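**Q** File follows, protein.txt with compact mmCIF, C-alpha atoms:
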```
# COMPACT_ATOMS: atom_id res chain seq x y z
CA MET A 1 0.00 0.00 0.00
CA LYS A 2 2.76 2.38 1.00
CA TYR A 3 4.63 1.64 -2.23
CA ARG A 4 1.56 2.42 -4.29
CA MET A 5 1.03 5.71 -2.54
CA PHE A 6 4.62 6.77 -3.10
CA PHE A 7 4.25 6.07 -6.80
CA LEU A 8 0.70 7.37 -7.25
CA LEU A 9 1.24 10.72 -5.59
CA PRO A 10 3.93 12.04 -7.93
CA CYS A 11 2.04 10.67 -10.92
CA LEU A 12 -1.01 12.71 -9.92
CA PHE A 13 1.13 15.83 -9.72
CA LEU A 14 2.63 15.08 -13.11
CA PHE A 15 -0.78 14.70 -14.73
CA ALA A 16 -2.13 17.78 -12.97
CA GLY A 17 0.53 19.84 -14.72
CA CYS A 18 -0.44 18.61 -18.19
CA GLU A 19 -2.71 20.67 -20.41
CA SER A 20 -5.26 19.08 -22.68
CA THR A 21 -3.97 18.60 -26.19
CA SER A 22 -5.58 17.58 -29.44
CA ASN A 23 -4.34 14.57 -31.38
CA ILE A 24 -3.07 16.79 -34.19
CA LYS A 25 0.63 17.56 -34.54
CA LYS A 26 1.67 21.19 -34.59
CA SER A 27 3.14 20.71 -38.07
CA VAL A 28 -0.41 19.98 -39.27
CA ALA A 29 -2.42 22.31 -37.03
CA TYR A 30 -0.16 25.28 -37.76
CA LYS A 31 1.05 24.31 -41.24
CA GLY A 32 0.61 27.88 -42.46
CA ILE A 33 3.00 29.18 -39.81
CA TYR A 34 5.66 26.58 -40.63
CA ASP A 35 5.23 27.32 -44.36
CA GLU A 36 5.12 31.13 -44.22
CA LYS A 37 7.51 31.54 -41.25
CA PRO A 38 6.14 34.92 -40.14
CA ILE A 39 8.58 37.16 -38.31
CA SER A 40 6.65 40.30 -37.44
CA ILE A 41 3.24 40.58 -35.82
CA LEU A 42 0.84 43.52 -35.76
CA LEU A 43 -1.46 43.69 -32.74
CA MET A 44 -4.93 44.69 -33.84
CA PRO A 45 -6.98 46.46 -31.15
CA PRO A 46 -9.08 43.74 -29.50
CA ILE A 47 -12.72 43.46 -30.58
CA ASN A 48 -14.81 43.79 -27.46
CA LYS A 49 -18.20 42.15 -27.67
CA THR A 50 -18.83 42.44 -23.94
CA THR A 51 -20.40 45.18 -21.84
CA ASN A 52 -17.17 45.60 -19.88
CA VAL A 53 -15.52 48.55 -21.64
CA GLU A 54 -12.26 47.96 -19.77
CA ALA A 55 -11.81 44.47 -21.21
CA LYS A 56 -10.39 45.83 -24.46
CA ALA A 57 -7.53 47.60 -22.65
CA TYR A 58 -6.89 44.58 -20.39
CA PHE A 59 -6.24 42.43 -23.45
CA HIS A 60 -4.56 45.07 -25.61
CA SER A 61 -1.93 45.88 -22.99
CA THR A 62 -1.05 42.22 -22.41
CA LEU A 63 -0.56 40.91 -25.95
CA LEU A 64 3.01 42.11 -26.55
CA VAL A 65 4.72 40.07 -23.82
CA PRO A 66 3.58 36.51 -24.70
CA LEU A 67 4.10 37.02 -28.43
CA ALA A 68 7.55 38.56 -28.02
CA ASN A 69 8.42 35.79 -25.56
CA LYS A 70 7.54 33.27 -28.29
CA GLY A 71 10.26 34.85 -30.42
CA TYR A 72 8.28 37.12 -32.73
CA TYR A 73 8.97 40.71 -33.64
CA VAL A 74 5.91 42.62 -32.45
CA VAL A 75 5.24 45.95 -34.15
CA PRO A 76 5.42 48.63 -31.39
CA PRO A 77 1.92 48.55 -29.87
CA PHE A 78 1.45 52.24 -29.01
CA LEU A 79 3.01 53.54 -32.19
CA SER A 80 0.95 51.18 -34.35
CA MET A 81 -2.19 52.03 -32.39
CA GLU A 82 -1.60 55.72 -33.10
CA ILE A 83 -1.25 55.08 -36.84
CA LEU A 84 -4.30 52.78 -36.92
CA LYS A 85 -6.30 55.57 -35.27
CA ARG A 86 -5.01 58.20 -37.72
CA GLU A 87 -5.84 55.98 -40.67
CA SER A 88 -9.33 55.23 -39.29
CA ALA A 89 -8.40 51.58 -39.00
CA TYR A 90 -8.82 51.26 -35.23
CA ASP A 91 -11.94 49.10 -35.51
CA ALA A 92 -10.35 45.70 -36.11
CA GLU A 93 -13.71 44.09 -36.86
CA LEU A 94 -13.73 45.87 -40.23
CA PHE A 95 -10.67 43.88 -41.30
CA LEU A 96 -11.45 40.47 -39.88
CA ASN A 97 -12.93 39.17 -43.12
CA ASP A 98 -11.16 41.44 -45.58
CA PRO A 99 -7.73 41.34 -47.22
CA ILE A 100 -5.09 42.83 -44.92
CA ALA A 101 -2.16 43.19 -47.32
CA LYS A 102 -2.12 46.93 -46.59
CA PHE A 103 -0.97 46.19 -43.02
CA GLY A 104 2.02 44.41 -44.47
CA GLU A 105 2.90 47.44 -46.58
CA VAL A 106 2.43 50.06 -43.86
CA PHE A 107 3.67 48.22 -40.77
CA GLY A 108 5.97 45.63 -42.33
CA ALA A 109 3.89 43.00 -40.55
CA ASP A 110 3.77 39.43 -41.82
CA VAL A 111 0.67 38.64 -39.77
CA ALA A 112 -1.96 40.45 -37.72
CA VAL A 113 -3.41 39.19 -34.45
CA PHE A 114 -7.14 39.64 -33.92
CA THR A 115 -8.49 39.16 -30.41
CA ILE A 116 -12.23 38.84 -29.93
CA ILE A 117 -13.50 39.08 -26.37
CA HIS A 118 -16.84 37.31 -26.49
CA SER A 119 -17.71 37.45 -22.80
CA TRP A 120 -16.32 38.66 -19.48
CA ASN A 121 -18.36 37.69 -16.44
CA LYS A 122 -17.33 38.41 -12.88
CA THR A 123 -18.63 36.52 -9.92
CA TYR A 124 -17.17 36.50 -6.43
CA GLY A 125 -13.63 35.14 -6.68
CA ASN A 126 -13.96 34.20 -10.32
CA VAL A 127 -13.85 35.70 -13.79
CA LYS A 128 -15.15 33.66 -16.71
CA VAL A 129 -13.82 34.83 -20.04
CA GLU A 130 -14.58 33.66 -23.55
CA VAL A 131 -11.90 34.86 -25.90
CA GLU A 132 -10.87 34.01 -29.44
CA TYR A 133 -7.52 34.63 -31.13
CA ILE A 134 -6.99 34.70 -34.88
CA ILE A 135 -3.62 35.19 -36.55
CA LYS A 136 -4.06 36.17 -40.17
CA SER A 137 -1.37 36.44 -42.83
CA THR A 138 -0.92 39.76 -44.61
CA LYS A 139 0.64 37.86 -47.50
CA SER A 140 -1.79 35.01 -48.17
CA ASN A 141 -4.70 36.39 -46.15
CA SER A 142 -5.02 32.88 -44.67
CA ILE A 143 -5.77 32.21 -41.03
CA LEU A 144 -2.59 30.65 -39.63
CA PHE A 145 -3.62 30.23 -35.99
CA GLU A 146 -7.06 30.15 -34.43
CA ARG A 147 -8.01 29.22 -30.87
CA LYS A 148 -11.05 29.97 -28.80
CA GLY A 149 -11.02 29.50 -25.06
CA THR A 150 -13.48 29.53 -22.21
CA ILE A 151 -11.32 30.39 -19.25
CA ASN A 152 -12.37 30.28 -15.63
CA PHE A 153 -9.97 32.44 -13.70
CA ASN A 154 -9.81 32.10 -9.93
CA THR A 155 -9.01 35.57 -8.60
CA THR A 156 -8.75 34.49 -4.97
CA VAL A 157 -5.34 32.83 -5.42
CA SER A 158 -2.72 35.21 -4.05
CA GLY A 159 0.46 36.39 -5.71
CA THR A 160 -1.26 38.49 -8.36
CA ALA A 161 1.77 40.35 -9.57
CA GLY A 162 3.84 37.22 -10.09
CA ALA A 163 6.88 38.34 -12.03
CA TYR A 164 6.42 41.97 -11.10
CA GLY A 165 7.61 41.31 -7.62
CA ALA A 166 6.29 41.86 -4.14
CA LEU A 167 7.69 45.36 -3.88
CA PHE A 168 5.55 46.57 -6.71
CA ASP A 169 2.47 45.14 -4.96
CA LEU A 170 3.16 47.29 -1.94
CA VAL A 171 3.15 50.58 -3.79
CA LEU A 172 -0.03 49.97 -5.73
CA THR A 173 -3.11 51.83 -4.64
CA ALA A 174 -6.26 49.91 -3.78
CA ALA A 175 -7.96 51.03 -6.99
CA SER A 176 -5.16 50.02 -9.26
CA THR A 177 -4.83 46.69 -7.43
CA ILE A 178 -8.29 45.81 -8.72
CA ALA A 179 -7.23 46.90 -12.19
CA THR A 180 -4.03 44.86 -12.05
CA LYS A 181 -6.05 41.81 -11.00
CA TYR A 182 -7.98 41.99 -14.25
CA VAL A 183 -4.87 42.84 -16.27
CA ASP A 184 -3.53 39.62 -14.78
CA VAL A 185 -6.59 37.72 -16.03
CA ALA A 186 -6.03 38.96 -19.60
CA ARG A 187 -2.28 38.40 -19.41
CA ILE A 188 -2.68 34.80 -18.37
CA CYS A 189 -5.42 34.13 -20.97
CA ASN A 190 -3.06 35.46 -23.66
CA THR A 191 -0.03 33.60 -22.36
CA TYR A 192 -1.92 30.33 -22.00
CA THR A 193 -3.35 30.48 -25.53
CA PHE A 194 -0.18 31.58 -27.31
CA LYS A 195 1.89 28.96 -25.50
CA ASP A 196 0.78 26.69 -28.34
CA LEU A 197 2.11 28.99 -31.07
CA PRO A 198 5.21 27.70 -32.89
CA VAL A 199 8.39 29.51 -31.88
CA GLY A 200 9.39 32.54 -33.96
CA LYS A 201 12.72 33.83 -35.29
CA TYR A 202 14.07 35.10 -31.96
CA GLY A 203 12.81 32.22 -29.83
CA VAL A 204 14.56 29.17 -28.52
CA LEU A 205 14.09 26.77 -31.41
CA ASN A 206 13.16 23.18 -30.68
CA PRO A 207 13.60 20.81 -33.64
CA LEU A 208 11.03 18.44 -32.13
CA GLU A 209 8.34 21.11 -31.91
CA PRO A 210 6.53 20.28 -35.20
CA ASP A 211 5.94 16.75 -33.90
CA GLU A 212 4.44 17.92 -30.61
CA LEU A 213 0.68 17.71 -30.26
CA SER A 214 -1.09 21.03 -30.63
CA GLY A 215 -3.49 22.39 -28.05
CA LYS A 216 -7.20 22.09 -28.71
CA LYS A 217 -8.61 24.70 -31.10
CA VAL A 218 -11.58 25.18 -28.79
CA PHE A 219 -10.62 24.72 -25.18
CA THR A 220 -11.67 25.24 -21.61
CA ALA A 221 -9.15 26.03 -18.89
CA ASN A 222 -9.18 26.72 -15.18
CA LEU A 223 -6.45 29.21 -14.43
CA ASN A 224 -5.25 31.50 -11.65
CA SER A 225 -2.50 34.07 -11.16
CA GLN A 226 0.04 31.30 -10.63
CA SER A 227 -0.70 29.76 -14.04
CA LYS A 228 1.97 30.07 -16.71
CA MET B 1 11.30 1.47 -0.44
CA ASN B 2 14.03 4.09 -0.16
CA TYR B 3 14.35 4.34 -3.93
CA LEU B 4 10.64 4.89 -4.31
CA PHE B 5 10.70 7.55 -1.67
CA VAL B 6 13.55 9.39 -3.38
CA PHE B 7 11.79 9.03 -6.74
CA SER B 8 8.58 10.48 -5.29
CA ILE B 9 10.38 13.47 -3.83
CA PHE B 10 12.25 14.02 -7.10
CA CYS B 11 9.00 13.99 -9.10
CA LEU B 12 7.37 16.48 -6.75
CA LEU B 13 10.34 18.80 -6.97
CA PHE B 14 10.49 18.43 -10.72
CA THR B 15 6.83 19.35 -11.25
CA SER B 16 6.70 22.24 -8.82
CA CYS B 17 10.10 23.86 -8.99
CA VAL B 18 11.06 24.00 -12.66
CA SER B 19 11.13 27.69 -13.54
CA LYS B 20 11.71 28.59 -17.13
CA LYS B 21 13.66 31.68 -17.95
CA GLU B 22 11.91 33.95 -20.42
CA LEU B 23 13.44 35.59 -23.50
CA TYR B 24 13.17 39.07 -21.99
CA PHE B 25 12.77 40.98 -18.74
CA TRP B 26 9.53 43.01 -18.74
CA ASP B 27 9.43 44.71 -15.34
CA LYS B 28 5.77 45.78 -14.80
CA TYR B 29 5.09 46.41 -18.47
CA ASP B 30 1.55 44.97 -18.60
CA VAL B 31 0.22 47.12 -15.77
CA SER B 32 2.05 50.29 -16.82
CA SER B 33 0.85 49.97 -20.40
CA TYR B 34 -2.70 49.26 -19.25
CA LEU B 35 -2.76 52.34 -17.00
CA TYR B 36 -1.32 54.45 -19.83
CA LEU B 37 -3.89 53.12 -22.31
CA LYS B 38 -6.67 53.89 -19.86
CA ASN B 39 -5.59 57.28 -18.55
CA ILE B 40 -2.97 58.86 -20.87
CA ASP B 41 -2.20 61.40 -18.15
CA GLU B 42 1.07 62.69 -16.72
CA LYS B 43 1.32 60.05 -14.01
CA SER B 44 0.67 57.08 -16.26
CA THR B 45 3.05 58.49 -18.90
CA GLN B 46 5.81 58.90 -16.31
CA ASP B 47 5.16 55.42 -14.95
CA LEU B 48 5.41 53.96 -18.45
CA ILE B 49 8.66 55.86 -19.09
CA THR B 50 10.10 54.46 -15.84
CA THR B 51 9.08 50.97 -16.92
CA TYR B 52 10.68 51.39 -20.35
CA GLU B 53 13.90 52.59 -18.73
CA ALA B 54 13.93 49.58 -16.42
CA ILE B 55 13.34 47.20 -19.33
CA ILE B 56 16.11 48.82 -21.38
CA SER B 57 18.67 48.83 -18.57
CA ARG B 58 17.99 45.47 -16.91
CA GLN B 59 17.98 42.78 -19.59
CA ASN B 60 19.44 39.62 -18.13
CA GLU B 61 17.10 36.97 -19.50
CA ILE B 62 17.83 34.53 -22.34
CA ARG B 63 18.39 37.03 -25.19
CA LYS B 64 19.95 39.78 -23.09
CA VAL B 65 18.63 42.43 -25.48
CA VAL B 66 15.74 44.86 -25.31
CA PRO B 67 12.44 43.23 -26.38
CA PRO B 68 10.74 44.12 -29.67
CA GLY B 69 8.78 47.36 -29.78
CA ILE B 70 10.21 48.79 -26.57
CA TYR B 71 12.77 51.23 -28.02
CA ALA B 72 10.22 52.42 -30.59
CA ASP B 73 7.33 52.91 -28.20
CA TYR B 74 9.66 54.59 -25.69
CA GLY B 75 10.82 56.87 -28.50
CA PHE B 76 7.21 57.60 -29.41
CA ILE B 77 6.35 58.61 -25.83
CA LEU B 78 9.47 60.81 -25.69
CA LEU B 79 8.46 62.50 -28.94
CA GLN B 80 4.99 63.09 -27.49
CA THR B 81 6.57 64.78 -24.48
CA GLY B 82 8.77 67.03 -26.64
CA LYS B 83 12.03 65.10 -26.23
CA THR B 84 12.64 64.95 -29.97
CA GLU B 85 16.34 64.14 -30.07
CA LYS B 86 16.21 61.26 -27.62
CA GLY B 87 12.93 60.07 -29.14
CA ASN B 88 14.48 59.81 -32.61
CA LEU B 89 17.53 58.07 -31.18
CA MET B 90 15.27 55.40 -29.68
CA LEU B 91 13.49 54.91 -33.01
CA GLN B 92 16.88 54.35 -34.67
CA LYS B 93 17.83 51.84 -31.98
CA GLU B 94 14.69 49.84 -32.77
CA ILE B 95 15.78 49.57 -36.42
CA GLU B 96 19.34 48.60 -35.44
CA LEU B 97 18.15 45.85 -33.12
CA TYR B 98 15.21 44.69 -35.23
CA PRO B 99 15.78 45.34 -38.95
CA GLU B 100 12.25 44.11 -39.73
CA SER B 101 10.96 47.30 -38.09
CA LYS B 102 12.60 49.50 -40.74
CA ILE B 103 9.58 49.82 -43.06
CA PHE B 104 7.34 51.11 -40.28
CA ILE B 105 9.84 53.18 -38.30
CA ASP B 106 11.18 54.91 -41.42
CA ARG B 107 7.60 55.85 -42.21
CA ILE B 108 7.19 57.34 -38.72
CA ILE B 109 10.43 59.32 -39.00
CA LYS B 110 9.31 60.62 -42.41
CA MET B 111 5.86 61.57 -41.09
CA GLN B 112 7.46 63.45 -38.27
CA LYS B 113 9.59 65.55 -40.60
CA GLU B 114 6.59 66.53 -42.73
```
What is this file in structure tokens?
**A**
Amino acid sequence: MKYRMFFLLPCLFLFAGCESTSNIKKSVAYKGIYDEKPISILLMPPINKTTNVEAKAYFHSTLLVPLANKGYYVVPPFLSMEILKRESAYDAELFLNDPIAKFGEVFGADVAVFTIIHSWNKTYGNVKVEVEYIIKSTKSNSILFERKGTINFNTTVSGTAGAYGALFDLVLTAASTIATKYVDVARICNTYTFKDLPVGKYGVLNPLEPDELSGKKVFTANLNSQSK
Amino acid sequence: MNYLFVFSIFCLLFTSCVSKKELYFWDKYDVSSYLYLKNIDEKSTQDLITTYEAIISRQNEIRKVVPPGIYADYGFILLQTGKTEKGNLMLQKEIELYPESKIFIDRIIKMQKE
């Protein structure tokens, strides 16, 4: 009995750390990315279909980090936002189904990321978010990456600032602490979803990556501020 | 028995303590950029500038270089606050570090001169 327990316990921990995957290899699921090898990414302003007006900013401000950390060149978010506004192209929904070659010409972007926030519901200690990510090529106009997640985020788990450090927590005001909690929700949704994206030019290349199983295209996840 | 015990402990440590280093150091970028997006006031601008300066000066992660977009956006904020010379210098640094930014940044520099 004791032997079984010693073996079973670590196995449970190992399985708890695994995320659900599809049975499709990345080389198949993200064939367009392996074929086109995009280098630079333009962040389109998120499309907010919820009644929470803040949700757009939560997601917009947290897209750069996970995509850059995957090894992509991300067109400077504030500078590109300014130009999109000037050119009356700030409403990303207008371009979701249209050719986007112009973004390649103006921004030098190989692909554009569209984020659609379908729902954002807060209950005590929990935020349930439905969010969809579409990466579209400016060259072929094809969709190279598409995932839609229903994410239950437990906001009661402590350690909200994670990498930002405890010191930063101390200097935050009460109001901005609430804001940072929801920035954290968006950050972790983005990070979790883009974890599946093949590594870009500046990333740590893994020759075995194309043979890895991709994450599910439509997924559900239970996350908290400690999730990576 | 002892082997199993050691194996169990090893597995627990392996699953809970593996910390991956990231490509870049980001300081509190997400929060600073959110507050700037939301408020665009003096305080949030200054906070974002402080964050950019920390990111630029404290890169000790895998790549040990400034992440994409940071020099350019920092330059943009400096230009907005009237620091033209330093702002343009930052835009040039973005091109030097990330040649793929040249199309866009050159366009910005040209627009600024017009």
**Q** Quick one: pull the distance between CA of Leu91 in chain B and CA of Met111 in chain B, Å, one decimal.
**A**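 CA of Met111 in chain B lies 13.0 Å from CA of Leu91 in chain B.
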**Q** Name all residues at most 12 Å from Lys113 in chain B (count only C-alpha atoms; drop same-chain ones fewer than 5 positions away) and give them as a ChimeraX atom specification.
**A** /B:84,88,106-108
**Q** Rank nothing, just name the residue among A:Lys201, A:Tyr192, A:Lys139, A:Lys25 nearest to Tyr98 in chain B, using only C-alpha atoms.
**A**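 Among A:Lys201, A:Tyr192, A:Lys139, A:Lys25, it is A:Lys201 that comes nearest to Tyr98 in chain B.
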**Q** List the neighbours of range 194-197 of chain A out to 9 Å using only C-alpha atoms; skip same-chain residues closer than 5 positions along the sequence, and give me the result as an NGL selection string.
**A** :A and (26 or 30 or 33 or 66-67 or 70 or 133 or 145 or 147 or 189 or 214-215 or 228)
**Q** Find the residue from A:Val74, A:Leu94, A:Ile178, A:Ala186 that sits nearest to Pro38 in chain A; use only C-alpha atoms when measuring.
**A**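 Distance minimum relative to Pro38 in chain A lands on A:Val74.
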**Q** Would you mind telling me which residue in A:Ile47, A:Asn152, A:Thr62, A:Lys85 lies nearest to Phe114 in chain A when using all atoms listed in the file?
**A** A:Ile47
**Q** Do a neighbour search on range 42-53 of chain B at 10 Å with all atoms listed in the file, toss out local chain neighbours closer than 2 positions, and write the hits as number ranges by chain.
**A** B: 26-40, 55-58, 66, 70-71, 73-75, 77-78, 80-81
**Q** Hey, can you spit out that residue selection with C-alpha atoms as a PDB file, in the frame of the given file?
**A**
```pdb
ATOM      1  CA  TRP B  26       9.530  43.010 -18.740  1.00  0.00           C
ATOM      2  CA  ASP B  27       9.430  44.710 -15.340  1.00  0.00           C
ATOM      3  CA  LYS B  28       5.770  45.780 -14.800  1.00  0.00           C
ATOM      4  CA  TYR B  29       5.090  46.410 -18.470  1.00  0.00           C
ATOM      5  CA  ASP B  30       1.550  44.970 -18.600  1.00  0.00           C
ATOM      6  CA  VAL B  31       0.220  47.120 -15.770  1.00  0.00           C
ATOM      7  CA  SER B  32       2.050  50.290 -16.820  1.00  0.00           C
ATOM      8  CA  SER B  33       0.850  49.970 -20.400  1.00  0.00           C
ATOM      9  CA  TYR B  34      -2.700  49.260 -19.250  1.00  0.00           C
ATOM     10  CA  LEU B  35      -2.760  52.340 -17.000  1.00  0.00           C
ATOM     11  CA  TYR B  36      -1.320  54.450 -19.830  1.00  0.00           C
ATOM     12  CA  LEU B  37      -3.890  53.120 -22.310  1.00  0.00           C
ATOM     13  CA  LYS B  38      -6.670  53.890 -19.860  1.00  0.00           C
ATOM     14  CA  ASN B  39      -5.590  57.280 -18.550  1.00  0.00           C
ATOM     15  CA  ILE B  40      -2.970  58.860 -20.870  1.00  0.00           C
ATOM     16  CA  ILE B  55      13.340  47.200 -19.330  1.00  0.00           C
ATOM     17  CA  ILE B  56      16.110  48.820 -21.380  1.00  0.00           C
ATOM     18  CA  SER B  57      18.670  48.830 -18.570  1.00  0.00           C
ATOM     19  CA  ARG B  58      17.990  45.470 -16.910  1.00  0.00           C
ATOM     20  CA  VAL B  66      15.740  44.860 -25.310  1.00  0.00           C
ATOM     21  CA  ILE B  70      10.210  48.790 -26.570  1.00  0.00           C
ATOM     22  CA  TYR B  71      12.770  51.230 -28.020  1.00  0.00           C
ATOM     23  CA  ASP B  73       7.330  52.910 -28.200  1.00  0.00           C
ATOM     24  CA  TYR B  74       9.660  54.590 -25.690  1.00  0.00           C
ATOM     25  CA  GLY B  75      10.820  56.870 -28.500  1.00  0.00           C
ATOM     26  CA  ILE B  77       6.350  58.610 -25.830  1.00  0.00           C
ATOM     27  CA  LEU B  78       9.470  60.810 -25.690  1.00  0.00           C
ATOM     28  CA  GLN B  80       4.990  63.090 -27.490  1.00  0.00           C
ATOM     29  CA  THR B  81       6.570  64.780 -24.480  1.00  0.00           C
TER      30      THR B  81
END
```
**Q** Please list as a list in words every residue within 10 Å of Leu64 in chain A, counting all atoms listed in the file and excluding residues in the same chain fewer than 2 positions away.
**A**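 Final neighbour list, sorted by chain and number: Ile41, Leu42, Leu43, Phe59, His60, Ser61, Thr62, Pro66, Leu67, Ala68, Asn69, Tyr72, Tyr73, Val74, Val75, Pro76, Pro77, Arg187, Asn190 and Thr191 of chain A; Tyr29, Asp30, Pro67, Pro68, Gly69 and Ile70 of chain B.
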**Q** Those residues you just picked out, can you put them in a file as a PDB file, in the coordinates of the input with C-alpha atoms?
**A**
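Produced file out07.pdb, reproduced below:
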```pdb
ATOM      1  CA  ILE A  41       3.240  40.580 -35.820  1.00  0.00           C
ATOM      2  CA  LEU A  42       0.840  43.520 -35.760  1.00  0.00           C
ATOM      3  CA  LEU A  43      -1.460  43.690 -32.740  1.00  0.00           C
ATOM      4  CA  PHE A  59      -6.240  42.430 -23.450  1.00  0.00           C
ATOM      5  CA  HIS A  60      -4.560  45.070 -25.610  1.00  0.00           C
ATOM      6  CA  SER A  61      -1.930  45.880 -22.990  1.00  0.00           C
ATOM      7  CA  THR A  62      -1.050  42.220 -22.410  1.00  0.00           C
ATOM      8  CA  PRO A  66       3.580  36.510 -24.700  1.00  0.00           C
ATOM      9  CA  LEU A  67       4.100  37.020 -28.430  1.00  0.00           C
ATOM     10  CA  ALA A  68       7.550  38.560 -28.020  1.00  0.00           C
ATOM     11  CA  ASN A  69       8.420  35.790 -25.560  1.00  0.00           C
ATOM     12  CA  TYR A  72       8.280  37.120 -32.730  1.00  0.00           C
ATOM     13  CA  TYR A  73       8.970  40.710 -33.640  1.00  0.00           C
ATOM     14  CA  VAL A  74       5.910  42.620 -32.450  1.00  0.00           C
ATOM     15  CA  VAL A  75       5.240  45.950 -34.150  1.00  0.00           C
ATOM     16  CA  PRO A  76       5.420  48.630 -31.390  1.00  0.00           C
ATOM     17  CA  PRO A  77       1.920  48.550 -29.870  1.00  0.00           C
ATOM     18  CA  ARG A 187      -2.280  38.400 -19.410  1.00  0.00           C
ATOM     19  CA  ASN A 190      -3.060  35.460 -23.660  1.00  0.00           C
ATOM     20  CA  THR A 191      -0.030  33.600 -22.360  1.00  0.00           C
TER      21      THR A 191
ATOM     22  CA  TYR B  29       5.090  46.410 -18.470  1.00  0.00           C
ATOM     23  CA  ASP B  30       1.550  44.970 -18.600  1.00  0.00           C
ATOM     24  CA  PRO B  67      12.440  43.230 -26.380  1.00  0.00           C
ATOM     25  CA  PRO B  68      10.740  44.120 -29.670  1.00  0.00           C
ATOM     26  CA  GLY B  69       8.780  47.360 -29.780  1.00  0.00           C
ATOM     27  CA  ILE B  70      10.210  48.790 -26.570  1.00  0.00           C
TER      28      ILE B  70
END
```
